[in-house]
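Undergrad: Got protein.pdb for you, PDB, C-alpha atoms:
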MODEL        1
ATOM      1  CA  MET A 112      31.927-129.030   5.839
ATOM      2  CA  PRO A 113      28.579-127.312   6.067
ATOM      3  CA  ASP A 114      25.290-128.858   5.017
ATOM      4  CA  VAL A 115      26.286-132.412   5.700
ATOM      5  CA  ARG A 116      24.203-134.952   7.497
ATOM      6  CA  THR A 117      26.596-137.730   8.450
ATOM      7  CA  SER A 118      30.336-138.172   8.590
ATOM      8  CA  THR A 119      33.017-140.778   8.694
ATOM      9  CA  PRO A 120      35.806-139.897  11.140
ATOM     10  CA  GLY A 121      39.388-139.565  10.032
ATOM     11  CA  LEU A 122      41.219-138.330   7.020
ATOM     12  CA  VAL A 123      41.199-140.448   3.863
ATOM     13  CA  ARG A 124      44.347-140.284   1.800
ATOM     14  CA  PRO A 125      43.461-140.811  -1.849
ATOM     15  CA  PRO A 126      46.107-142.180  -4.187
ATOM     16  CA  THR A 127      48.265-139.449  -5.660
ATOM     17  CA  ASP A 128      51.212-139.179  -7.950
ATOM     18  CA  ILE A 129      52.342-135.899  -6.382
ATOM     19  CA  ILE A 130      55.623-136.399  -4.553
ATOM     20  CA  THR A 131      56.905-133.761  -2.188
ATOM     21  CA  ASP A 132      60.641-133.378  -1.687
ATOM     22  CA  PRO A 133      61.260-131.832   1.753
ATOM     23  CA  ALA A 134      64.751-130.733   0.656
ATOM     24  CA  SER A 135      63.333-128.435  -2.035
ATOM     25  CA  GLY A 136      61.605-126.174   0.472
ATOM     26  CA  PRO A 137      57.969-125.154   0.706
ATOM     27  CA  ALA A 138      55.889-125.750  -2.384
ATOM     28  CA  ALA A 139      53.747-123.038  -3.949
ATOM     29  CA  PRO A 140      50.083-123.237  -2.962
ATOM     30  CA  PRO A 141      48.052-125.350  -5.382
ATOM     31  CA  SER A 142      46.377-123.413  -8.177
ATOM     32  CA  ALA A 143      42.730-123.895  -9.119
ATOM     33  CA  ALA A 144      43.925-125.955 -12.120
ATOM     34  CA  GLU A 145      45.980-128.203  -9.832
ATOM     35  CA  LEU A 146      43.002-128.651  -7.530
ATOM     36  CA  LEU A 147      40.891-129.612 -10.552
ATOM     37  CA  ASP A 148      43.516-132.163 -11.601
ATOM     38  CA  PHE A 149      43.513-133.608  -8.060
ATOM     39  CA  ALA A 150      39.698-133.749  -8.030
ATOM     40  CA  ARG A 151      39.650-135.523 -11.428
ATOM     41  CA  ARG A 152      42.209-138.129 -10.368
ATOM     42  CA  THR A 153      40.432-138.710  -7.067
ATOM     43  CA  ALA A 154      36.996-138.944  -8.735
ATOM     44  CA  ALA A 155      38.428-141.653 -11.020
ATOM     45  CA  ASP A 156      39.334-143.816  -7.987
ATOM     46  CA  ALA A 157      36.361-146.210  -8.101
ATOM     47  CA  GLU A 158      37.325-147.904  -4.825
ATOM     48  CA  LEU A 159      37.455-144.609  -2.914
ATOM     49  CA  VAL A 160      34.164-143.388  -4.445
ATOM     50  CA  ALA A 161      32.469-146.703  -3.556
ATOM     51  CA  SER A 162      33.712-146.408   0.055
ATOM     52  CA  LEU A 163      31.514-143.357   0.732
ATOM     53  CA  PRO A 164      28.444-144.317   2.776
ATOM     54  CA  LEU A 165      25.321-142.965   1.091
ATOM     55  CA  ASP A 166      22.281-141.786   3.032
ATOM     56  CA  PRO A 167      18.855-141.501   1.347
ATOM     57  CA  GLU A 168      17.985-138.439   3.460
ATOM     58  CA  GLY A 169      21.011-136.121   3.418
ATOM     59  CA  ARG A 170      24.454-135.509   2.053
ATOM     60  CA  THR A 171      27.353-137.577   3.385
ATOM     61  CA  TRP A 172      31.041-136.827   3.248
ATOM     62  CA  LEU A 173      34.599-137.969   3.823
ATOM     63  CA  ARG A 174      37.415-135.504   4.469
ATOM     64  CA  LEU A 175      40.329-136.132   2.107
ATOM     65  CA  ASP A 176      43.994-135.232   2.256
ATOM     66  CA  GLY A 177      44.237-132.603  -0.498
ATOM     67  CA  PRO A 178      47.417-131.448  -2.219
ATOM     68  CA  GLY A 179      49.597-128.677  -0.832
ATOM     69  CA  GLY A 180      47.616-128.094   2.351
ATOM     70  CA  SER A 181      44.275-127.806   0.563
ATOM     71  CA  GLU A 182      40.967-128.893   2.058
ATOM     72  CA  ALA A 183      39.275-131.700   0.122
ATOM     73  CA  TRP A 184      36.022-133.644   0.419
ATOM     74  CA  LEU A 185      34.279-136.629  -1.127
ATOM     75  CA  ILE A 186      30.549-135.814  -0.975
ATOM     76  CA  GLY A 187      27.462-137.983  -1.567
ATOM     77  CA  TRP A 188      24.299-136.273  -2.809
ATOM     78  CA  PRO A 189      20.892-137.983  -2.487
ATOM     79  CA  PRO A 190      18.460-137.301  -5.327
ATOM     80  CA  GLY A 191      17.301-133.683  -5.397
ATOM     81  CA  THR A 192      19.660-132.341  -2.716
ATOM     82  CA  GLY A 193      21.727-129.187  -3.077
ATOM     83  CA  THR A 194      23.843-126.604  -1.324
ATOM     84  CA  GLY A 195      21.872-123.403  -1.732
ATOM     85  CA  TRP A 196      23.669-120.260  -2.905
ATOM     86  CA  HIS A 197      27.055-119.768  -1.237
ATOM     87  CA  ASP A 198      30.650-118.678  -1.694
ATOM     88  CA  HIS A 199      33.907-120.090  -0.312
ATOM     89  CA  GLY A 200      35.140-117.231   1.832
ATOM     90  CA  GLY A 201      37.923-116.186  -0.529
ATOM     91  CA  SER A 202      39.286-119.664  -1.284
ATOM     92  CA  HIS A 203      39.711-120.878  -4.849
ATOM     93  CA  GLY A 204      38.839-124.439  -5.699
ATOM     94  CA  ALA A 205      37.494-127.126  -7.965
ATOM     95  CA  PHE A 206      34.983-129.942  -7.988
ATOM     96  CA  VAL A 207      34.341-132.979 -10.177
ATOM     97  CA  ALA A 208      31.337-135.309 -10.384
ATOM     98  CA  ALA A 209      32.543-138.847  -9.662
ATOM     99  CA  ALA A 210      29.163-140.594 -10.073
ATOM    100  CA  GLY A 211      25.795-139.354 -11.269
ATOM    101  CA  ALA A 212      25.619-135.717 -12.327
ATOM    102  CA  LEU A 213      25.545-132.295 -10.686
ATOM    103  CA  ASN A 214      23.956-129.093 -11.895
ATOM    104  CA  GLU A 215      25.808-125.887 -11.057
ATOM    105  CA  GLN A 216      24.166-122.491 -11.182
ATOM    106  CA  SER A 217      26.658-119.666 -10.761
ATOM    107  CA  LEU A 218      26.991-115.908 -11.047
ATOM    108  CA  ALA A 219      29.359-114.410 -13.610
ATOM    109  CA  ALA A 220      29.889-111.341 -11.434
ATOM    110  CA  ARG A 221      32.296-110.416  -8.680
ATOM    111  CA  LEU A 222      30.346-109.545  -5.553
ATOM    112  CA  PRO A 223      31.625-107.232  -2.843
ATOM    113  CA  THR A 224      32.696-109.293   0.174
ATOM    114  CA  GLU A 225      31.696-106.828   2.888
ATOM    115  CA  GLY A 226      29.234-104.053   3.623
ATOM    116  CA  TRP A 227      26.073-105.271   1.921
ATOM    117  CA  LYS A 228      23.000-107.280   2.784
ATOM    118  CA  THR A 229      21.007-107.172  -0.485
ATOM    119  CA  LEU A 230      22.160-106.851  -4.112
ATOM    120  CA  GLU A 231      20.228-106.485  -7.346
ATOM    121  CA  LEU A 232      21.815-108.702 -10.021
ATOM    122  CA  ALA A 233      22.080-107.747 -13.682
ATOM    123  CA  ASP A 234      20.126-109.740 -16.261
ATOM    124  CA  ASP A 235      23.170-111.432 -17.801
ATOM    125  CA  VAL A 236      25.036-112.817 -14.761
ATOM    126  CA  ASP A 237      23.459-116.288 -14.538
ATOM    127  CA  ARG A 238      25.390-119.327 -15.742
ATOM    128  CA  GLU A 239      24.275-122.947 -15.607
ATOM    129  CA  ARG A 240      26.101-126.171 -16.417
ATOM    130  CA  LEU A 241      25.413-129.861 -16.039
ATOM    131  CA  LEU A 242      28.449-131.856 -14.937
ATOM    132  CA  PRO A 243      28.115-135.609 -15.611
ATOM    133  CA  ALA A 244      30.510-138.130 -14.029
ATOM    134  CA  GLY A 245      34.111-137.278 -14.882
ATOM    135  CA  GLN A 246      33.358-133.597 -15.559
ATOM    136  CA  GLY A 247      34.133-130.709 -13.267
ATOM    137  CA  ARG A 248      35.341-127.169 -13.043
ATOM    138  CA  ALA A 249      37.805-124.935 -11.292
ATOM    139  CA  PHE A 250      36.833-121.550  -9.867
ATOM    140  CA  GLY A 251      38.418-118.439  -8.414
ATOM    141  CA  GLN A 252      38.195-116.932  -4.985
ATOM    142  CA  HIS A 253      35.092-114.823  -5.684
ATOM    143  CA  HIS A 254      32.907-117.647  -7.025
ATOM    144  CA  VAL A 255      29.227-117.686  -5.942
ATOM    145  CA  HIS A 256      27.136-120.720  -6.867
ATOM    146  CA  GLU A 257      24.721-123.424  -5.873
ATOM    147  CA  VAL A 258      25.151-127.099  -6.704
ATOM    148  CA  ILE A 259      22.272-129.565  -7.029
ATOM    149  CA  ASN A 260      21.868-133.254  -7.786
ATOM    150  CA  PRO A 261      19.133-132.930 -10.439
ATOM    151  CA  SER A 262      18.214-136.631 -10.457
ATOM    152  CA  ASP A 263      14.944-137.819  -8.962
ATOM    153  CA  THR A 264      16.298-141.356  -8.438
ATOM    154  CA  GLU A 265      20.124-141.518  -8.453
ATOM    155  CA  HIS A 266      22.733-140.511  -5.889
ATOM    156  CA  ALA A 267      25.598-138.362  -7.129
ATOM    157  CA  VAL A 268      29.125-138.353  -5.680
ATOM    158  CA  SER A 269      31.681-135.588  -6.138
ATOM    159  CA  VAL A 270      35.180-134.511  -5.104
ATOM    160  CA  HIS A 271      35.810-130.915  -3.947
ATOM    161  CA  ALA A 272      39.098-129.175  -3.098
ATOM    162  CA  TYR A 273      39.735-125.644  -1.762
ATOM    163  CA  TYR A 274      42.810-123.548  -1.065
ATOM    164  CA  PRO A 275      43.324-122.093   1.361
ATOM    165  CA  PRO A 276      41.145-124.329   3.535
ATOM    166  CA  LEU A 277      37.728-122.697   3.865
ATOM    167  CA  PRO A 278      37.961-119.812   6.354
ATOM    168  CA  LEU A 279      34.199-119.264   6.110
ATOM    169  CA  MET A 280      31.220-119.641   3.809
ATOM    170  CA  ARG A 281      28.659-116.983   3.098
ATOM    171  CA  ARG A 282      25.109-118.270   2.539
ATOM    172  CA  TYR A 283      22.708-116.384   0.289
ATOM    173  CA  SER A 284      19.026-116.537  -0.623
ATOM    174  CA  ARG A 285      17.845-115.564  -4.055
ATOM    175  CA  THR A 286      14.507-114.310  -5.333
ATOM    176  CA  GLY A 287      14.562-113.331  -9.001
ATOM    177  CA  HIS A 288      17.409-110.837  -9.438
ATOM    178  CA  THR A 289      17.724-110.139  -5.711
ATOM    179  CA  LEU A 290      20.544-111.823  -3.803
ATOM    180  CA  ARG A 291      20.480-111.505  -0.019
ATOM    181  CA  LEU A 292      23.296-112.366   2.396
ATOM    182  CA  GLU A 293      21.672-114.611   5.014
ATOM    183  CA  GLN A 294      24.472-116.077   7.100
ATOM    184  CA  VAL A 295      28.247-116.320   7.514
ATOM    185  CA  GLU A 296      29.419-119.750   8.692
ATOM    186  CA  ARG A 297      32.849-120.559  10.133
ATOM    187  CA  PRO A 298      34.521-123.989  10.260
ATOM    188  CA  GLU A 299      34.054-124.353  14.025
ATOM    189  CA  GLU A 300      30.287-124.207  13.444
ATOM    190  CA  TRP A 301      30.320-127.125  10.987
ATOM    191  CA  GLY A 302      31.199-129.650  13.715
TER     192      GLY A 302
ENDMDL
END
Take the structure in this file and express it as structure tokens.

TA:
Amino acid sequence: MPDVRTSTPGLVRPPTDIITDPASGPAAPPSAAELLDFARRTAADAELVASLPLDPEGRTWLRLDGPGGSEAWLIGWPPGTGTGWHDHGGSHGAFVAAAGALNEQSLAARLPTEGWKTLELADDVDRERLLPAGQGRAFGQHHVHEVINPSDTEHAVSVHAYYPPLPLMRRYSRTGHTLRLEQVERPEEWG
């Protein structure tokens, strides 16, 4: 997971009511709505949320066992921290605030995935939402956003799930209506 400061080794298996029957064959990949349901149920697990070590300086995380082969994370956000503008490399996903609140700024536009370095955005593409504890959202594979803990004093904690597991993340900078591709990160670089 990029942009994290500390980690706790191992995979945490949150409680789930999803039962897989090996005799029924491979299950369909989880939809964005199913990932949102997983994130909501996991965010409601007070014991799991409380188990996340919080750092006053940087984001912390625990890797979770997501449904249907998805990649999932429990993330702690110190006051004022954020992700910067990014996408999820073609994965769809969901996230839910488990404690505190998160502010999401997103683009209501599908960006080309290749062959550009700088784009001029239209006036009406910006969306913003505040997600208090228990609230979240699902998103499609072309979602570009930044997420911020807007509090000056409180940590936030959230649950995120992606399918397929993140193949890469594209990082962007933004000045006014200009969006610039800055970096492409791959999982092996997140070490």

Undergrad: Show me, as JSON lines, the residues of segment 178-259 of chain A having an atom within 12 Å of segment 142-166 of chain A, each with the closest atom pair and its distance in Å, using only C-alpha atoms.

TA:
{"residue": "A:Pro178", "atom": "CA", "partner": "A:Phe149", "partner_atom": "CA", "distance": 7.4}
{"residue": "A:Gly179", "atom": "CA", "partner": "A:Leu146", "partner_atom": "CA", "distance": 9.4}
{"residue": "A:Gly180", "atom": "CA", "partner": "A:Leu146", "partner_atom": "CA", "distance": 10.9}
{"residue": "A:Ser181", "atom": "CA", "partner": "A:Leu146", "partner_atom": "CA", "distance": 8.2}
{"residue": "A:Glu182", "atom": "CA", "partner": "A:Leu146", "partner_atom": "CA", "distance": 9.8}
{"residue": "A:Ala183", "atom": "CA", "partner": "A:Ala150", "partner_atom": "CA", "distance": 8.4}
{"residue": "A:Trp184", "atom": "CA", "partner": "A:Ala150", "partner_atom": "CA", "distance": 9.2}
{"residue": "A:Leu185", "atom": "CA", "partner": "A:Leu163", "partner_atom": "CA", "distance": 7.5}
{"residue": "A:Ile186", "atom": "CA", "partner": "A:Leu163", "partner_atom": "CA", "distance": 7.8}
{"residue": "A:Gly187", "atom": "CA", "partner": "A:Leu165", "partner_atom": "CA", "distance": 6.0}
{"residue": "A:Trp188", "atom": "CA", "partner": "A:Leu165", "partner_atom": "CA", "distance": 7.8}
{"residue": "A:Pro189", "atom": "CA", "partner": "A:Asp166", "partner_atom": "CA", "distance": 6.8}
{"residue": "A:Pro190", "atom": "CA", "partner": "A:Asp166", "partner_atom": "CA", "distance": 10.2}
{"residue": "A:Thr192", "atom": "CA", "partner": "A:Asp166", "partner_atom": "CA", "distance": 11.4}
{"residue": "A:Ser202", "atom": "CA", "partner": "A:Ala143", "partner_atom": "CA", "distance": 9.5}
{"residue": "A:His203", "atom": "CA", "partner": "A:Ala143", "partner_atom": "CA", "distance": 6.0}
{"residue": "A:Gly204", "atom": "CA", "partner": "A:Ala143", "partner_atom": "CA", "distance": 5.2}
{"residue": "A:Ala205", "atom": "CA", "partner": "A:Leu147", "partner_atom": "CA", "distance": 4.9}
{"residue": "A:Phe206", "atom": "CA", "partner": "A:Ala150", "partner_atom": "CA", "distance": 6.1}
{"residue": "A:Val207", "atom": "CA", "partner": "A:Ala150", "partner_atom": "CA", "distance": 5.8}
{"residue": "A:Ala208", "atom": "CA", "partner": "A:Ala154", "partner_atom": "CA", "distance": 6.9}
{"residue": "A:Ala209", "atom": "CA", "partner": "A:Ala154", "partner_atom": "CA", "distance": 4.5}
{"residue": "A:Ala210", "atom": "CA", "partner": "A:Val160", "partner_atom": "CA", "distance": 8.0}
{"residue": "A:Gly211", "atom": "CA", "partner": "A:Ala154", "partner_atom": "CA", "distance": 11.5}
{"residue": "A:Pro243", "atom": "CA", "partner": "A:Ala154", "partner_atom": "CA", "distance": 11.7}
{"residue": "A:Ala244", "atom": "CA", "partner": "A:Ala154", "partner_atom": "CA", "distance": 8.4}
{"residue": "A:Gly245", "atom": "CA", "partner": "A:Arg151", "partner_atom": "CA", "distance": 6.8}
{"residue": "A:Gln246", "atom": "CA", "partner": "A:Arg151", "partner_atom": "CA", "distance": 7.8}
{"residue": "A:Gly247", "atom": "CA", "partner": "A:Leu147", "partner_atom": "CA", "distance": 7.4}
{"residue": "A:Arg248", "atom": "CA", "partner": "A:Leu147", "partner_atom": "CA", "distance": 6.6}
{"residue": "A:Ala249", "atom": "CA", "partner": "A:Ala143", "partner_atom": "CA", "distance": 5.5}
{"residue": "A:Phe250", "atom": "CA", "partner": "A:Ala143", "partner_atom": "CA", "distance": 6.4}
{"residue": "A:Gly251", "atom": "CA", "partner": "A:Ala143", "partner_atom": "CA", "distance": 7.0}
{"residue": "A:Gln252", "atom": "CA", "partner": "A:Ala143", "partner_atom": "CA", "distance": 9.3}
{"residue": "A:His254", "atom": "CA", "partner": "A:Ala143", "partner_atom": "CA", "distance": 11.8}

Undergrad: Give the answer as one residue: which of A:Arg282, A:Arg297, A:Arg291, A:His266 has the shortest atom-to-atom distance to Arg170 of chain A, using all atoms listed in the file?

TA: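 Counting all atoms listed in the file, the residue closest to Arg170 of chain A is A:His266.
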
Undergrad: Name the residues in contact with Thr194 of chain A at a cut-off of 12 Å, using all atoms listed in the file, excluding same-chain residues fewer than 2 positions from it; report them as JSON, numbers by chain.

TA: {"A": [112, 113, 114, 115, 169, 170, 186, 187, 188, 189, 191, 192, 196, 197, 198, 213, 214, 215, 216, 255, 256, 257, 258, 259, 260, 280, 281, 282, 283, 284]}

Undergrad: Calculated over only C-alpha atoms, which of the candidates A:Leu241, A:Ala139, A:Leu232, A:Leu292 has the smallest distance to Ser262 of chain A?

TA: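 Checking each of A:Leu241, A:Ala139, A:Leu232, A:Leu292 against Ser262 of chain A, counting only C-alpha atoms, the winner is A:Leu241.
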
Undergrad: Determine the nearest neighbour of Gly193 of chain A from the options A:Asp237, A:Glu168, A:Glu299, A:Arg174, counting all atoms listed in the file.

TA: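 Of all the options, A:Glu168 lies closest to Gly193 of chain A.
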
Undergrad: Considering only C-alpha atoms, can you say which of A:Pro261, A:Ser269, A:Leu175, A:Val295 comes closest to Thr224 of chain A?

TA: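 Of A:Pro261, A:Ser269, A:Leu175, A:Val295, the one nearest Thr224 of chain A, counting only C-alpha atoms, is A:Val295.
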
Undergrad: What is the distance between atom CA of Leu222 of chain A and atom CA of Tyr273 of chain A, in Å to one decimal?

TA: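 Separation of atom CA of Leu222 of chain A and atom CA of Tyr273 of chain A: 19.0 Å.
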
Undergrad: Edge lengths and centre, in Å to one decimal, as JSON: that's what I need for the box along x, y and z that holds all listed atoms of segment 160-169 of chain A plus 6 Å on each side.

TA:
{"center_x": 26.1, "center_y": -141.4, "center_z": -0.5, "size_x": 28.2, "size_y": 22.6, "size_z": 19.9}

Undergrad: With the PyMOL selection byres ((chain A and resi 228) around 10) as the selection, what would be picked from this file? Answer as an NGL selection string, please.

TA: :A and (225-227 or 229-230 or 283 or 290-294)

Undergrad: One number please: atom CA of Pro167 of chain A to atom CA of Val270 of chain A, in Å, one decimal.

TA: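 Straight-line distance from atom CA of Pro167 of chain A to atom CA of Val270 of chain A works out to 18.9 Å.
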
Undergrad: Rank A:Thr289, A:Gly195, A:Arg238, A:Leu279 by their smallest atom-to-atom distance to Trp301 of chain A, using all atoms listed in the file, and report the top residue only.

TA: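 Looking only at the distances to Trp301 of chain A, the closest residue turns out to be A:Leu279.
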
Undergrad: Taking the block above, write segment 194-205 of chain A with all heavy atoms as a short mmCIF file (atom, residue, chain, number, x, y, z; two decimals), in the first residue's frame.

TA:
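The result, written out as result-v1.cif:
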data_model
loop_
_atom_site.label_atom_id
_atom_site.label_comp_id
_atom_site.auth_asym_id
_atom_site.auth_seq_id
_atom_site.Cartn_x
_atom_site.Cartn_y
_atom_site.Cartn_z
N THR A 194 -3.89 11.43 0.67
CA THR A 194 -3.26 10.57 -0.32
C THR A 194 -2.65 11.32 -1.49
O THR A 194 -1.82 10.76 -2.19
CB THR A 194 -4.31 9.61 -0.92
OG1 THR A 194 -5.33 10.39 -1.56
CG2 THR A 194 -4.89 8.69 0.13
N GLY A 195 -3.10 12.53 -1.76
CA GLY A 195 -2.78 13.16 -3.04
C GLY A 195 -3.66 12.54 -4.11
O GLY A 195 -4.32 11.52 -3.90
N TRP A 196 -3.69 13.16 -5.28
CA TRP A 196 -4.52 12.66 -6.39
C TRP A 196 -3.93 11.37 -6.93
O TRP A 196 -2.72 11.27 -7.16
CB TRP A 196 -4.58 13.72 -7.50
CG TRP A 196 -5.45 14.88 -7.14
CD1 TRP A 196 -5.05 16.05 -6.57
CD2 TRP A 196 -6.86 14.96 -7.29
NE1 TRP A 196 -6.13 16.87 -6.36
CE2 TRP A 196 -7.27 16.22 -6.80
CE3 TRP A 196 -7.84 14.10 -7.79
CZ2 TRP A 196 -8.58 16.63 -6.79
CZ3 TRP A 196 -9.15 14.51 -7.79
CH2 TRP A 196 -9.51 15.77 -7.29
N HIS A 197 -4.79 10.37 -7.14
CA HIS A 197 -4.34 9.07 -7.64
C HIS A 197 -5.51 8.30 -8.24
O HIS A 197 -6.66 8.65 -8.05
CB HIS A 197 -3.70 8.26 -6.52
CG HIS A 197 -4.66 7.84 -5.45
ND1 HIS A 197 -5.09 8.70 -4.45
CD2 HIS A 197 -5.31 6.68 -5.24
CE1 HIS A 197 -5.93 8.08 -3.66
NE2 HIS A 197 -6.10 6.84 -4.12
N ASP A 198 -5.17 7.23 -8.96
CA ASP A 198 -6.18 6.26 -9.39
C ASP A 198 -5.76 4.89 -8.88
O ASP A 198 -4.78 4.77 -8.14
CB ASP A 198 -6.41 6.30 -10.90
CG ASP A 198 -5.26 5.77 -11.73
OD1 ASP A 198 -4.38 5.04 -11.21
OD2 ASP A 198 -5.23 6.07 -12.93
N HIS A 199 -6.48 3.86 -9.27
CA HIS A 199 -6.25 2.51 -8.74
C HIS A 199 -5.87 1.52 -9.82
O HIS A 199 -6.12 0.32 -9.69
CB HIS A 199 -7.48 2.05 -7.95
CG HIS A 199 -7.85 3.02 -6.88
ND1 HIS A 199 -8.81 3.98 -7.05
CD2 HIS A 199 -7.33 3.22 -5.65
CE1 HIS A 199 -8.89 4.73 -5.96
NE2 HIS A 199 -8.00 4.30 -5.10
N GLY A 200 -5.28 2.01 -10.89
CA GLY A 200 -4.73 1.15 -11.91
C GLY A 200 -5.72 0.24 -12.61
O GLY A 200 -5.35 -0.83 -13.07
N GLY A 201 -6.98 0.63 -12.66
CA GLY A 201 -7.98 -0.19 -13.33
C GLY A 201 -8.79 -1.07 -12.40
O GLY A 201 -9.69 -1.78 -12.85
N SER A 202 -8.50 -1.05 -11.12
CA SER A 202 -9.29 -1.83 -10.15
C SER A 202 -10.52 -1.02 -9.74
O SER A 202 -10.48 0.20 -9.71
CB SER A 202 -8.46 -2.12 -8.89
OG SER A 202 -7.38 -2.96 -9.21
N HIS A 203 -11.61 -1.72 -9.43
CA HIS A 203 -12.75 -1.04 -8.81
C HIS A 203 -12.66 -1.28 -7.31
O HIS A 203 -11.89 -2.13 -6.86
CB HIS A 203 -14.09 -1.53 -9.38
CG HIS A 203 -14.39 -2.98 -9.15
ND1 HIS A 203 -14.01 -3.96 -10.04
CD2 HIS A 203 -15.02 -3.61 -8.14
CE1 HIS A 203 -14.41 -5.14 -9.58
NE2 HIS A 203 -15.02 -4.95 -8.43
N GLY A 204 -13.40 -0.50 -6.53
CA GLY A 204 -13.25 -0.66 -5.10
C GLY A 204 -14.27 0.10 -4.29
O GLY A 204 -15.28 0.57 -4.81
N ALA A 205 -13.96 0.20 -3.00
CA ALA A 205 -14.84 0.89 -2.06
C ALA A 205 -14.03 1.25 -0.83
O ALA A 205 -13.00 0.62 -0.54
CB ALA A 205 -16.00 -0.01 -1.67
#
